[in-house]
>>> print(open('work.pdb').read())   # PDB, C-alpha atoms, pLDDT in the B column
ATOM      1  CA  MET L 129     -53.858 -70.632 -47.253  1.00 42.00           C
ATOM      2  CA  GLN L 130     -51.475 -73.457 -46.510  1.00 45.00           C
ATOM      3  CA  ASP L 131     -51.036 -76.825 -48.175  1.00 52.00           C
ATOM      4  CA  THR L 132     -52.656 -75.581 -51.333  1.00 59.00           C
ATOM      5  CA  ARG L 133     -51.436 -78.371 -53.586  1.00 70.00           C
ATOM      6  CA  GLY L 134     -54.012 -80.605 -55.095  1.00 81.00           C
ATOM      7  CA  PHE L 135     -57.050 -80.150 -57.197  1.00 96.00           C
ATOM      8  CA  TYR L 136     -59.946 -77.695 -57.166  1.00 97.00           C
ATOM      9  CA  SER L 137     -63.526 -77.345 -58.329  1.00 97.00           C
ATOM     10  CA  ILE L 138     -64.470 -73.690 -58.769  1.00 97.00           C
ATOM     11  CA  ILE L 139     -68.230 -73.142 -58.932  1.00 96.00           C
ATOM     12  CA  ASP L 140     -69.390 -69.703 -59.980  1.00 95.00           C
ATOM     13  CA  TYR L 141     -72.887 -68.141 -59.957  1.00 97.00           C
ATOM     14  CA  THR L 142     -74.412 -64.716 -60.476  1.00 97.00           C
ATOM     15  CA  VAL L 143     -77.391 -63.965 -58.251  1.00 97.00           C
ATOM     16  CA  ASP L 144     -80.049 -61.262 -58.041  1.00 97.00           C
ATOM     17  CA  GLY L 145     -79.020 -59.816 -54.667  1.00 97.00           C
ATOM     18  CA  PRO L 146     -77.575 -60.327 -51.182  1.00 97.00           C
ATOM     19  CA  GLN L 147     -80.576 -62.361 -49.990  1.00 97.00           C
ATOM     20  CA  THR L 148     -80.196 -64.921 -52.768  1.00 97.00           C
ATOM     21  CA  GLN L 149     -76.431 -64.840 -52.245  1.00 96.00           C
ATOM     22  CA  LEU L 150     -76.776 -66.052 -48.653  1.00 96.00           C
ATOM     23  CA  GLU L 151     -79.565 -68.479 -49.538  1.00 97.00           C
ATOM     24  CA  LEU L 152     -77.387 -70.044 -52.255  1.00 97.00           C
ATOM     25  CA  ILE L 153     -74.369 -70.244 -49.948  1.00 97.00           C
ATOM     26  CA  GLU L 154     -76.454 -72.051 -47.314  1.00 97.00           C
ATOM     27  CA  ALA L 155     -77.761 -74.408 -50.012  1.00 97.00           C
ATOM     28  CA  PHE L 156     -74.243 -75.163 -51.310  1.00 97.00           C
ATOM     29  CA  ALA L 157     -72.989 -75.770 -47.743  1.00 97.00           C
ATOM     30  CA  GLY L 158     -75.829 -78.253 -47.192  1.00 96.00           C
ATOM     31  CA  LEU L 159     -75.046 -80.006 -50.490  1.00 97.00           C
ATOM     32  CA  GLN L 160     -71.387 -80.374 -49.488  1.00 97.00           C
ATOM     33  CA  GLU L 161     -72.420 -81.891 -46.170  1.00 97.00           C
ATOM     34  CA  LYS L 162     -74.945 -84.277 -47.678  1.00 96.00           C
ATOM     35  CA  TRP L 163     -73.142 -85.315 -50.866  1.00 96.00           C
ATOM     36  CA  VAL L 164     -69.421 -84.565 -50.858  1.00 97.00           C
ATOM     37  CA  ARG L 165     -67.463 -83.930 -47.668  1.00 97.00           C
ATOM     38  CA  PHE L 166     -67.179 -87.553 -46.525  1.00 97.00           C
ATOM     39  CA  TYR L 167     -65.361 -88.840 -49.620  1.00 97.00           C
ATOM     40  CA  PRO L 168     -61.634 -89.639 -49.285  1.00 97.00           C
ATOM     41  CA  GLY L 169     -59.436 -86.745 -50.361  1.00 96.00           C
ATOM     42  CA  TYR L 170     -62.009 -84.003 -49.684  1.00 97.00           C
ATOM     43  CA  LYS L 171     -60.185 -81.159 -47.930  1.00 96.00           C
ATOM     44  CA  SER L 172     -62.581 -78.186 -47.769  1.00 97.00           C
ATOM     45  CA  ALA L 173     -65.180 -76.021 -49.445  1.00 97.00           C
ATOM     46  CA  HIS L 174     -64.963 -72.239 -49.145  1.00 97.00           C
ATOM     47  CA  LEU L 175     -68.019 -70.153 -49.984  1.00 97.00           C
ATOM     48  CA  PHE L 176     -67.500 -66.543 -51.030  1.00 97.00           C
ATOM     49  CA  ALA L 177     -69.974 -63.673 -51.480  1.00 97.00           C
ATOM     50  CA  SER L 178     -69.118 -60.571 -53.494  1.00 97.00           C
ATOM     51  CA  THR L 179     -69.538 -57.343 -51.533  1.00 96.00           C
ATOM     52  CA  ASP L 180     -71.872 -56.006 -54.266  1.00 96.00           C
ATOM     53  CA  GLY L 181     -74.346 -58.853 -53.642  1.00 97.00           C
ATOM     54  CA  SER L 182     -74.154 -60.192 -57.207  1.00 97.00           C
ATOM     55  CA  ARG L 183     -71.942 -63.249 -57.133  1.00 97.00           C
ATOM     56  CA  VAL L 184     -71.169 -66.481 -55.281  1.00 97.00           C
ATOM     57  CA  TYR L 185     -68.129 -68.763 -55.514  1.00 97.00           C
ATOM     58  CA  ASN L 186     -67.769 -72.245 -54.098  1.00 97.00           C
ATOM     59  CA  ILE L 187     -64.157 -73.418 -54.138  1.00 97.00           C
ATOM     60  CA  ILE L 188     -63.782 -77.101 -53.300  1.00 97.00           C
ATOM     61  CA  HIS L 189     -60.317 -78.391 -52.553  1.00 96.00           C
ATOM     62  CA  TRP L 190     -59.319 -82.045 -53.067  1.00 96.00           C
ATOM     63  CA  ASP L 191     -56.068 -83.784 -52.170  1.00 95.00           C
ATOM     64  CA  SER L 192     -55.410 -84.659 -55.786  1.00 94.00           C
ATOM     65  CA  GLU L 193     -56.912 -84.989 -59.235  1.00 94.00           C
ATOM     66  CA  GLU L 194     -57.046 -88.757 -58.583  1.00 94.00           C
ATOM     67  CA  ALA L 195     -59.118 -88.259 -55.409  1.00 95.00           C
ATOM     68  CA  HIS L 196     -61.563 -86.100 -57.364  1.00 95.00           C
ATOM     69  CA  ARG L 197     -61.769 -88.662 -60.167  1.00 95.00           C
ATOM     70  CA  GLU L 198     -62.394 -91.431 -57.643  1.00 96.00           C
ATOM     71  CA  PHE L 199     -65.163 -89.343 -56.023  1.00 96.00           C
ATOM     72  CA  GLU L 200     -66.824 -89.003 -59.415  1.00 94.00           C
ATOM     73  CA  ARG L 201     -66.393 -92.728 -60.053  1.00 96.00           C
ATOM     74  CA  VAL L 202     -67.889 -94.043 -56.800  1.00 96.00           C
ATOM     75  CA  SER L 203     -70.457 -91.370 -55.895  1.00 95.00           C
ATOM     76  CA  ASP L 204     -73.987 -91.060 -57.246  1.00 94.00           C
ATOM     77  CA  ASN L 205     -73.359 -88.218 -59.696  1.00 93.00           C
ATOM     78  CA  ALA L 206     -76.850 -88.201 -61.174  1.00 95.00           C
ATOM     79  CA  ALA L 207     -78.479 -87.889 -57.733  1.00 96.00           C
ATOM     80  CA  ARG L 208     -76.003 -85.208 -56.650  1.00 95.00           C
ATOM     81  CA  ILE L 209     -76.546 -83.165 -59.818  1.00 94.00           C
ATOM     82  CA  ALA L 210     -80.313 -83.494 -59.364  1.00 96.00           C
ATOM     83  CA  ALA L 211     -79.957 -82.294 -55.752  1.00 96.00           C
ATOM     84  CA  ILE L 212     -77.930 -79.266 -56.906  1.00 95.00           C
ATOM     85  CA  GLN L 213     -80.553 -78.442 -59.535  1.00 95.00           C
ATOM     86  CA  GLY L 214     -83.305 -78.886 -56.946  1.00 96.00           C
ATOM     87  CA  ALA L 215     -81.530 -76.487 -54.576  1.00 96.00           C
ATOM     88  CA  ILE L 216     -81.129 -73.873 -57.333  1.00 95.00           C
ATOM     89  CA  ASP L 217     -84.775 -74.269 -58.405  1.00 95.00           C
ATOM     90  CA  SER L 218     -86.071 -73.856 -54.863  1.00 96.00           C
ATOM     91  CA  LEU L 219     -84.305 -70.533 -54.222  1.00 97.00           C
ATOM     92  CA  LYS L 220     -86.660 -67.589 -53.735  1.00 97.00           C
ATOM     93  CA  GLY L 221     -84.411 -65.500 -55.992  1.00 97.00           C
ATOM     94  CA  LYS L 222     -82.535 -66.219 -59.194  1.00 97.00           C
ATOM     95  CA  ALA L 223     -79.097 -67.780 -59.624  1.00 97.00           C
ATOM     96  CA  GLU L 224     -77.339 -68.353 -62.956  1.00 96.00           C
ATOM     97  CA  PRO L 225     -74.239 -70.518 -63.425  1.00 95.00           C
ATOM     98  CA  ARG L 226     -71.178 -68.787 -64.910  1.00 93.00           C
ATOM     99  CA  MET L 227     -69.124 -71.915 -65.517  1.00 92.00           C
ATOM    100  CA  SER L 228     -67.894 -72.117 -69.110  1.00 89.00           C
ATOM    101  CA  GLY L 229     -66.604 -75.695 -68.994  1.00 90.00           C
ATOM    102  CA  PRO L 230     -65.899 -78.500 -66.536  1.00 92.00           C
ATOM    103  CA  PRO L 231     -65.044 -76.567 -63.338  1.00 94.00           C
ATOM    104  CA  ARG L 232     -61.782 -78.424 -62.694  1.00 96.00           C
ATOM    105  CA  TYR L 233     -58.656 -76.525 -61.817  1.00 97.00           C
ATOM    106  CA  ARG L 234     -55.007 -76.967 -61.008  1.00 96.00           C
ATOM    107  CA  LEU L 235     -53.075 -74.533 -58.836  1.00 95.00           C
ATOM    108  CA  VAL L 236     -50.266 -73.298 -61.087  1.00 94.00           C
ATOM    109  CA  ARG L 237     -48.582 -70.467 -59.181  1.00 95.00           C
ATOM    110  CA  GLU L 238     -48.608 -68.942 -55.715  1.00 95.00           C
ATOM    111  CA  VAL L 239     -47.253 -65.463 -54.955  1.00 96.00           C
ATOM    112  CA  ALA L 240     -46.246 -64.902 -51.322  1.00 97.00           C
ATOM    113  CA  PRO L 241     -45.652 -61.493 -49.755  1.00 97.00           C
ATOM    114  CA  GLY L 242     -42.295 -60.030 -50.753  1.00 97.00           C
ATOM    115  CA  PRO L 243     -40.265 -56.849 -51.164  1.00 95.00           C
ATOM    116  CA  ARG L 244     -41.160 -53.892 -53.361  1.00 92.00           C
ATOM    117  CA  PRO L 245     -39.076 -54.102 -56.565  1.00 89.00           C
ATOM    118  CA  THR L 246     -36.147 -51.668 -56.406  1.00 86.00           C
ATOM    119  CA  ASP L 247     -36.826 -50.374 -59.921  1.00 68.00           C
ATOM    120  CA  ALA L 248     -40.465 -49.489 -59.251  1.00 51.00           C
TER     121      ALA L 248
ATOM    122  CA  MET N  72     -56.457 -73.774 -46.563  1.00 42.00           C
ATOM    123  CA  GLN N  73     -55.902 -72.406 -43.104  1.00 45.00           C
ATOM    124  CA  ASP N  74     -56.491 -68.945 -41.675  1.00 52.00           C
ATOM    125  CA  THR N  75     -58.968 -68.146 -44.404  1.00 59.00           C
ATOM    126  CA  ARG N  76     -60.553 -65.183 -42.682  1.00 70.00           C
ATOM    127  CA  GLY N  77     -60.159 -61.851 -44.324  1.00 81.00           C
ATOM    128  CA  PHE N  78     -60.903 -60.406 -47.678  1.00 96.00           C
ATOM    129  CA  TYR N  79     -60.472 -61.627 -51.230  1.00 97.00           C
ATOM    130  CA  SER N  80     -60.172 -60.353 -54.783  1.00 97.00           C
ATOM    131  CA  ILE N  81     -61.280 -62.985 -57.274  1.00 97.00           C
ATOM    132  CA  ILE N  82     -60.099 -62.255 -60.826  1.00 96.00           C
ATOM    133  CA  ASP N  83     -61.588 -64.375 -63.573  1.00 95.00           C
ATOM    134  CA  TYR N  84     -60.658 -64.663 -67.275  1.00 97.00           C
ATOM    135  CA  THR N  85     -61.536 -66.895 -70.204  1.00 97.00           C
ATOM    136  CA  VAL N  86     -58.645 -67.600 -72.571  1.00 97.00           C
ATOM    137  CA  ASP N  87     -58.235 -69.192 -75.996  1.00 97.00           C
ATOM    138  CA  GLY N  88     -56.143 -72.178 -74.908  1.00 97.00           C
ATOM    139  CA  PRO N  89     -53.539 -73.677 -72.577  1.00 97.00           C
ATOM    140  CA  GLN N  90     -50.691 -71.572 -73.989  1.00 97.00           C
ATOM    141  CA  THR N  91     -52.509 -68.313 -73.239  1.00 98.00           C
ATOM    142  CA  GLN N  92     -53.551 -69.719 -69.882  1.00 96.00           C
ATOM    143  CA  LEU N  93     -49.935 -70.148 -68.776  1.00 96.00           C
ATOM    144  CA  GLU N  94     -48.876 -66.867 -70.364  1.00 97.00           C
ATOM    145  CA  LEU N  95     -51.630 -65.016 -68.466  1.00 97.00           C
ATOM    146  CA  ILE N  96     -50.747 -66.751 -65.196  1.00 97.00           C
ATOM    147  CA  GLU N  97     -47.098 -65.722 -65.575  1.00 97.00           C
ATOM    148  CA  ALA N  98     -48.206 -62.154 -66.361  1.00 97.00           C
ATOM    149  CA  PHE N  99     -50.491 -62.012 -63.296  1.00 97.00           C
ATOM    150  CA  ALA N 100     -47.726 -63.409 -61.075  1.00 97.00           C
ATOM    151  CA  GLY N 101     -45.363 -60.690 -62.330  1.00 96.00           C
ATOM    152  CA  LEU N 102     -48.009 -58.011 -61.710  1.00 97.00           C
ATOM    153  CA  GLN N 103     -48.482 -59.231 -58.118  1.00 97.00           C
ATOM    154  CA  GLU N 104     -44.732 -59.062 -57.544  1.00 97.00           C
ATOM    155  CA  LYS N 105     -44.333 -55.629 -59.067  1.00 96.00           C
ATOM    156  CA  TRP N 106     -47.493 -53.905 -57.851  1.00 96.00           C
ATOM    157  CA  VAL N 107     -49.187 -55.662 -54.948  1.00 97.00           C
ATOM    158  CA  ARG N 108     -47.391 -58.166 -52.732  1.00 98.00           C
ATOM    159  CA  PHE N 109     -45.412 -55.669 -50.630  1.00 97.00           C
ATOM    160  CA  TYR N 110     -48.431 -53.783 -49.255  1.00 97.00           C
ATOM    161  CA  PRO N 111     -49.385 -54.379 -45.602  1.00 97.00           C
ATOM    162  CA  GLY N 112     -52.044 -57.039 -45.221  1.00 96.00           C
ATOM    163  CA  TYR N 113     -51.270 -58.874 -48.452  1.00 97.00           C
ATOM    164  CA  LYS N 114     -51.327 -62.601 -47.679  1.00 96.00           C
ATOM    165  CA  SER N 115     -51.128 -64.477 -50.992  1.00 97.00           C
ATOM    166  CA  ALA N 116     -52.203 -64.804 -54.597  1.00 97.00           C
ATOM    167  CA  HIS N 117     -53.169 -68.222 -55.974  1.00 97.00           C
ATOM    168  CA  LEU N 118     -53.318 -68.712 -59.727  1.00 97.00           C
ATOM    169  CA  PHE N 119     -55.518 -71.490 -61.099  1.00 97.00           C
ATOM    170  CA  ALA N 120     -55.792 -73.000 -64.596  1.00 97.00           C
ATOM    171  CA  SER N 121     -58.814 -75.034 -65.683  1.00 97.00           C
ATOM    172  CA  THR N 122     -57.912 -78.483 -66.956  1.00 96.00           C
ATOM    173  CA  ASP N 123     -59.766 -77.744 -70.232  1.00 96.00           C
ATOM    174  CA  GLY N 124     -57.384 -74.841 -70.996  1.00 97.00           C
ATOM    175  CA  SER N 125     -60.148 -72.227 -71.130  1.00 97.00           C
ATOM    176  CA  ARG N 126     -60.052 -70.330 -67.871  1.00 97.00           C
ATOM    177  CA  VAL N 127     -57.775 -68.600 -65.349  1.00 97.00           C
ATOM    178  CA  TYR N 128     -58.493 -67.470 -61.786  1.00 97.00           C
ATOM    179  CA  ASN N 129     -56.347 -65.230 -59.624  1.00 97.00           C
ATOM    180  CA  ILE N 130     -57.467 -65.302 -55.989  1.00 97.00           C
ATOM    181  CA  ILE N 131     -55.782 -62.651 -53.869  1.00 97.00           C
ATOM    182  CA  HIS N 132     -56.114 -62.918 -50.113  1.00 96.00           C
ATOM    183  CA  TRP N 133     -55.848 -59.890 -47.802  1.00 96.00           C
ATOM    184  CA  ASP N 134     -55.834 -59.777 -44.004  1.00 95.00           C
ATOM    185  CA  SER N 135     -58.985 -57.679 -43.955  1.00 94.00           C
ATOM    186  CA  GLU N 136     -61.269 -55.447 -45.957  1.00 94.00           C
ATOM    187  CA  GLU N 137     -59.515 -52.493 -44.279  1.00 94.00           C
ATOM    188  CA  ALA N 138     -56.094 -53.668 -45.517  1.00 95.00           C
ATOM    189  CA  HIS N 139     -57.477 -53.932 -49.056  1.00 95.00           C
ATOM    190  CA  ARG N 140     -59.063 -50.471 -48.812  1.00 95.00           C
ATOM    191  CA  GLU N 141     -55.781 -49.005 -47.547  1.00 96.00           C
ATOM    192  CA  PHE N 142     -53.922 -50.670 -50.450  1.00 97.00           C
ATOM    193  CA  GLU N 143     -56.317 -48.995 -52.878  1.00 95.00           C
ATOM    194  CA  ARG N 144     -55.911 -45.681 -51.042  1.00 96.00           C
ATOM    195  CA  VAL N 145     -52.106 -45.509 -50.983  1.00 96.00           C
ATOM    196  CA  SER N 146     -51.105 -47.413 -54.145  1.00 95.00           C
ATOM    197  CA  ASP N 147     -50.961 -46.031 -57.680  1.00 94.00           C
ATOM    198  CA  ASN N 148     -54.206 -47.571 -58.949  1.00 93.00           C
ATOM    199  CA  ALA N 149     -54.095 -45.888 -62.353  1.00 95.00           C
ATOM    200  CA  ALA N 150     -50.565 -47.147 -63.053  1.00 96.00           C
ATOM    201  CA  ARG N 151     -51.415 -50.653 -61.803  1.00 95.00           C
ATOM    202  CA  ILE N 152     -54.561 -50.851 -63.929  1.00 94.00           C
ATOM    203  CA  ALA N 153     -52.580 -49.634 -66.953  1.00 96.00           C
ATOM    204  CA  ALA N 154     -49.948 -52.317 -66.275  1.00 96.00           C
ATOM    205  CA  ILE N 155     -52.661 -54.999 -66.101  1.00 95.00           C
ATOM    206  CA  GLN N 156     -54.156 -53.780 -69.387  1.00 95.00           C
ATOM    207  CA  GLY N 157     -50.686 -53.699 -70.943  1.00 96.00           C
ATOM    208  CA  ALA N 158     -50.055 -57.280 -69.860  1.00 96.00           C
ATOM    209  CA  ILE N 159     -53.395 -58.438 -71.323  1.00 95.00           C
ATOM    210  CA  ASP N 160     -52.770 -56.546 -74.569  1.00 95.00           C
ATOM    211  CA  SER N 161     -49.311 -58.040 -75.011  1.00 96.00           C
ATOM    212  CA  LEU N 162     -50.453 -61.673 -74.756  1.00 97.00           C
ATOM    213  CA  LYS N 163     -49.976 -63.671 -77.948  1.00 97.00           C
ATOM    214  CA  GLY N 164     -53.454 -65.156 -77.448  1.00 97.00           C
ATOM    215  CA  LYS N 165     -56.774 -63.727 -76.290  1.00 97.00           C
ATOM    216  CA  ALA N 166     -58.028 -63.249 -72.732  1.00 97.00           C
ATOM    217  CA  GLU N 167     -61.436 -61.858 -71.795  1.00 96.00           C
ATOM    218  CA  PRO N 168     -62.426 -60.737 -68.288  1.00 95.00           C
ATOM    219  CA  ARG N 169     -65.444 -62.511 -66.732  1.00 93.00           C
ATOM    220  CA  MET N 170     -65.834 -60.184 -63.759  1.00 92.00           C
ATOM    221  CA  SER N 171     -69.375 -58.830 -63.476  1.00 89.00           C
ATOM    222  CA  GLY N 172     -68.712 -56.226 -60.784  1.00 90.00           C
ATOM    223  CA  PRO N 173     -66.006 -55.119 -58.361  1.00 92.00           C
ATOM    224  CA  PRO N 174     -64.154 -58.393 -57.664  1.00 94.00           C
ATOM    225  CA  ARG N 175     -64.314 -58.076 -53.880  1.00 96.00           C
ATOM    226  CA  TYR N 176     -65.377 -61.008 -51.764  1.00 97.00           C
ATOM    227  CA  ARG N 177     -65.975 -62.082 -48.201  1.00 96.00           C
ATOM    228  CA  LEU N 178     -65.593 -65.656 -47.042  1.00 95.00           C
ATOM    229  CA  VAL N 179     -69.032 -66.581 -45.684  1.00 94.00           C
ATOM    230  CA  ARG N 180     -68.889 -70.328 -44.982  1.00 95.00           C
ATOM    231  CA  GLU N 181     -66.338 -73.104 -44.808  1.00 95.00           C
ATOM    232  CA  VAL N 182     -67.254 -76.801 -44.954  1.00 96.00           C
ATOM    233  CA  ALA N 183     -64.669 -79.156 -43.444  1.00 97.00           C
ATOM    234  CA  PRO N 184     -64.558 -82.909 -43.993  1.00 97.00           C
ATOM    235  CA  GLY N 185     -67.187 -84.724 -41.964  1.00 97.00           C
ATOM    236  CA  PRO N 186     -69.307 -87.869 -41.682  1.00 95.00           C
ATOM    237  CA  ARG N 187     -71.742 -89.157 -44.285  1.00 92.00           C
ATOM    238  CA  PRO N 188     -75.301 -88.248 -43.153  1.00 89.00           C
ATOM    239  CA  THR N 189     -77.029 -91.257 -41.623  1.00 86.00           C
ATOM    240  CA  ASP N 190     -80.228 -90.638 -43.623  1.00 68.00           C
ATOM    241  CA  ALA N 191     -78.449 -90.597 -47.001  1.00 51.00           C
TER     242      ALA N 191
END
>>> encode(input="work.pdb", output="structure tokens")
Amino acid sequence: MQDTRGFYSIIDYTVDGPQTQLELIEAFAGLQEKWVRFYPGYKSAHLFASTDGSRVYNIIHWDSEEAHREFERVSDNAARIAAIQGAIDSLKGKAEPRMSGPPRYRLVREVAPGPRPTDA
Amino acid sequence: MQDTRGFYSIIDYTVDGPQTQLELIEAFAGLQEKWVRFYPGYKSAHLFASTDGSRVYNIIHWDSEEAHREFERVSDNAARIAAIQGAIDSLKGKAEPRMSGPPRYRLVREVAPGPRPTDA
């Protein structure tokens, strides 16, 4: 990962198996394309599947907290949220959100590769 | 984020406030330096704090699933896990894991910036 400054949304779901995992990832990718990726300051979305088939993450990277705030100010939030809910509801399997608050994050620390400590 | 192929550990905690959030992030960074970042195939760890003060993510990026498996094969897992538990136990505040299974992830999709759909 390079140029990791900025602001992140981290979206987190449990799902009932690998089929739903891939279905949800495809749905999230479509939602990004239709509702998010053309706003100024959008950098990327990365969609992760746990190897045990139980969990999906969507990590959306923005240039800055200001860019994210502006996106929320000018975009149609109600329609986007309805589209997300519609996508979740139309899955064949089950997906449950694991977010415990507004999914807004700052990158605080980064640990690069480095030497083994000499006292270890 | 560039060169995002590979394999990921996604570590997820709820905490009781911004103070614990930063304390936990510092602890995780120290654990990466002492126990993880010198193994072959380690690329980075990124530590995220939610803006509401309630949550911490540690996203560790490896070159490949094989590199991660080899790390688990040759490293002292019991000592590392004990060190993690020790760090959690010695926080002034409270931190609770939110992992629901082995925190191992593959990157499945990436959505780059792109045009607004013409039918939207």
>>> interface_residues(input="work.pdb", of="chain N", to="chain L", cutoff="7 Å", atoms="all atoms listed in the file", output="ChimeraX atom specification")
/N:72-75,100,105,108-109,113-122,174-188
>>> atom_distance(input="work.pdb", atom1="CA of Tyr84 (chain N)", atom2="CA of Ala166 (chain N)")
6.2 Å
>>> atom_distance(input="work.pdb", atom1="CA of Pro89 (chain N)", atom2="CA of Glu200 (chain L)")
24.2 Å
>>> residues_around(input="work.pdb", residues="Asp217 (chain L)", least_positions_apart="4", cutoff="12 Å", atoms="all atoms listed in the file", output="PyMOL selection string")
chain L and resi 148+151-152+155+210-213+221-224
>>> write_last_selection(input="work.pdb", atoms="C-alpha atoms", output="compact mmCIF listing (two decimals), in the frame of the given file")
# COMPACT_ATOMS: atom_id res chain seq x y z
CA THR L 148 -80.20 -64.92 -52.77
CA GLU L 151 -79.56 -68.48 -49.54
CA LEU L 152 -77.39 -70.04 -52.26
CA ALA L 155 -77.76 -74.41 -50.01
CA ALA L 210 -80.31 -83.49 -59.36
CA ALA L 211 -79.96 -82.29 -55.75
CA ILE L 212 -77.93 -79.27 -56.91
CA GLN L 213 -80.55 -78.44 -59.54
CA GLY L 221 -84.41 -65.50 -55.99
CA LYS L 222 -82.54 -66.22 -59.19
CA ALA L 223 -79.10 -67.78 -59.62
CA GLU L 224 -77.34 -68.35 -62.96
>>> atom_distance(input="work.pdb", atom1="CA of Ile139 (chain L)", atom2="CA of Trp133 (chain N)")
21.3 Å
>>> build_atoms(input="work.pdb", residues="region 110-116 of chain N", atoms="all heavy atoms", output="compact mmCIF listing (two decimals), keeping the file's coordinate frame")
# COMPACT_ATOMS: atom_id res chain seq x y z
N TYR N 110 -47.57 -54.65 -50.07
CA TYR N 110 -48.43 -53.78 -49.26
C TYR N 110 -48.85 -54.50 -47.98
O TYR N 110 -49.06 -55.72 -47.99
CB TYR N 110 -49.65 -53.34 -50.07
CG TYR N 110 -49.29 -52.24 -51.05
CD1 TYR N 110 -49.01 -52.54 -52.38
CD2 TYR N 110 -49.18 -50.92 -50.63
CE1 TYR N 110 -48.63 -51.55 -53.28
CE2 TYR N 110 -48.80 -49.92 -51.52
CZ TYR N 110 -48.53 -50.24 -52.84
OH TYR N 110 -48.15 -49.26 -53.71
N PRO N 111 -48.99 -53.75 -46.87
CA PRO N 111 -49.38 -54.38 -45.60
C PRO N 111 -50.73 -55.09 -45.74
O PRO N 111 -51.67 -54.54 -46.34
CB PRO N 111 -49.51 -53.18 -44.65
CG PRO N 111 -48.69 -52.09 -45.25
CD PRO N 111 -48.74 -52.30 -46.74
N GLY N 112 -50.79 -56.30 -45.20
CA GLY N 112 -52.04 -57.04 -45.22
C GLY N 112 -52.19 -57.97 -46.40
O GLY N 112 -53.13 -58.76 -46.44
N TYR N 113 -51.25 -57.90 -47.35
CA TYR N 113 -51.27 -58.87 -48.45
C TYR N 113 -50.86 -60.23 -47.90
O TYR N 113 -49.83 -60.36 -47.26
CB TYR N 113 -50.30 -58.44 -49.55
CG TYR N 113 -50.11 -59.46 -50.66
CD1 TYR N 113 -50.94 -59.47 -51.77
CD2 TYR N 113 -49.09 -60.41 -50.60
CE1 TYR N 113 -50.77 -60.40 -52.79
CE2 TYR N 113 -48.91 -61.34 -51.62
CZ TYR N 113 -49.76 -61.33 -52.71
OH TYR N 113 -49.58 -62.24 -53.72
N LYS N 114 -51.67 -61.27 -48.17
CA LYS N 114 -51.33 -62.60 -47.68
C LYS N 114 -50.83 -63.54 -48.78
O LYS N 114 -49.87 -64.26 -48.60
CB LYS N 114 -52.55 -63.24 -47.00
CG LYS N 114 -52.89 -62.60 -45.67
CD LYS N 114 -54.17 -63.14 -45.09
CE LYS N 114 -54.00 -64.45 -44.37
NZ LYS N 114 -53.43 -64.31 -43.03
N SER N 115 -51.51 -63.54 -49.92
CA SER N 115 -51.13 -64.48 -50.99
C SER N 115 -51.94 -64.19 -52.25
O SER N 115 -53.00 -63.57 -52.19
CB SER N 115 -51.41 -65.93 -50.58
OG SER N 115 -52.79 -66.12 -50.38
N ALA N 116 -51.41 -64.67 -53.37
CA ALA N 116 -52.20 -64.80 -54.60
C ALA N 116 -52.06 -66.25 -55.05
O ALA N 116 -50.95 -66.81 -55.01
CB ALA N 116 -51.72 -63.86 -55.68
